[in-house]
Amino acid sequence: MDDLYRAIADPTRRAILDELVQRDGQSLFEICGRLVMKHGISSSRQAISQHLEVLEAAGLVTVEREGRYKFHWFHGEPLEAITRRWPAGAKRRSDR
């Protein structure tokens, strides 16, 4: 669970996840282009690749290799664990 929180704590990684939710199965080149155009994030491909590795380690991104290219897919199941841990409908102390 710590890997998950660390992964989503970074704004660049959240932007990467947003892009994969909007258009799944992107290459590193595509992700970098969308980050620049839509978010103004102009990190190097190496830096974005490192962010993707963190997201993959947290289980939020899966990777499929096709020839020379790697395609990245959003995997939201780990985020569902957060909502199971702290349900939105839980009563607050002040509500009791």
# chains A, B, ... in the order shown; residues from 1 in each chain; ligands from 1
$ select_by_dssp --residues "chain A" --states "strand (DSSP E or B)" --output "list in words"
Gln26, Ser27, Val61, Thr62, Val63, Glu64, Arg65, Glu66, Tyr69, Lys70, Phe71, His72, Trp73 and Phe74 of chain A
$ write_last_selection --atoms "C-alpha atoms" --output "tab-separated table (two decimals), in the first residue's frame"
chain	number	residue	atom	x	y	z
A	26	GLN	CA	0.10	4.43	-25.10
A	27	SER	CA	3.80	4.26	-25.85
A	61	VAL	CA	0.15	0.50	-14.85
A	62	THR	CA	0.71	-2.68	-16.79
A	63	VAL	CA	3.11	-2.91	-19.70
A	64	GLU	CA	2.92	-4.94	-22.89
A	65	ARG	CA	5.87	-5.18	-25.24
A	66	GLU	CA	5.32	-5.31	-29.01
A	69	TYR	CA	7.75	-0.67	-28.28
A	70	LYS	CA	6.23	-0.86	-24.83
A	71	PHE	CA	2.59	0.05	-24.39
A	72	HIS	CA	1.24	1.21	-21.05
A	73	TRP	CA	-2.22	0.40	-19.71
A	74	PHE	CA	-4.04	1.84	-16.71
$ residues_around --residues "Leu17 in chain A" --least-positions-apart "2" --cutoff "9 Å" --atoms "only C-alpha atoms" --output "list in words"
Ile8, Thr12, Arg13, Arg14, Ala15, Glu19, Leu20, Val21, Gln22, Leu55, Leu60, Val61 and Phe74 of chain A
$ closest_residue --among "A:Ile41, A:Val36, A:Ile31, A:Ala7" --to "Val54 in chain A" --atoms "only C-alpha atoms"
A:Ala7
$ select_by_dssp --residues "chain A" --states "helix (DSSP H, G or I)" --output "ChimeraX atom specification"
/A:2-9,11-22,28-39,45-57,77-85,93-95
$ atom_distance --atom1 "CA of Phe29 in chain A" --atom2 "CA of Asp3 in chain A"
24.9 Å
$ atom_distance --atom1 "CA of Gly59 in chain A" --atom2 "CA of Ser43 in chain A"
22.4 Å
$ closest_residue --among "A:Arg84, A:Arg34, A:His39, A:Ile16" --to "Glu53 in chain A" --atoms "only C-alpha atoms"
A:Ile16
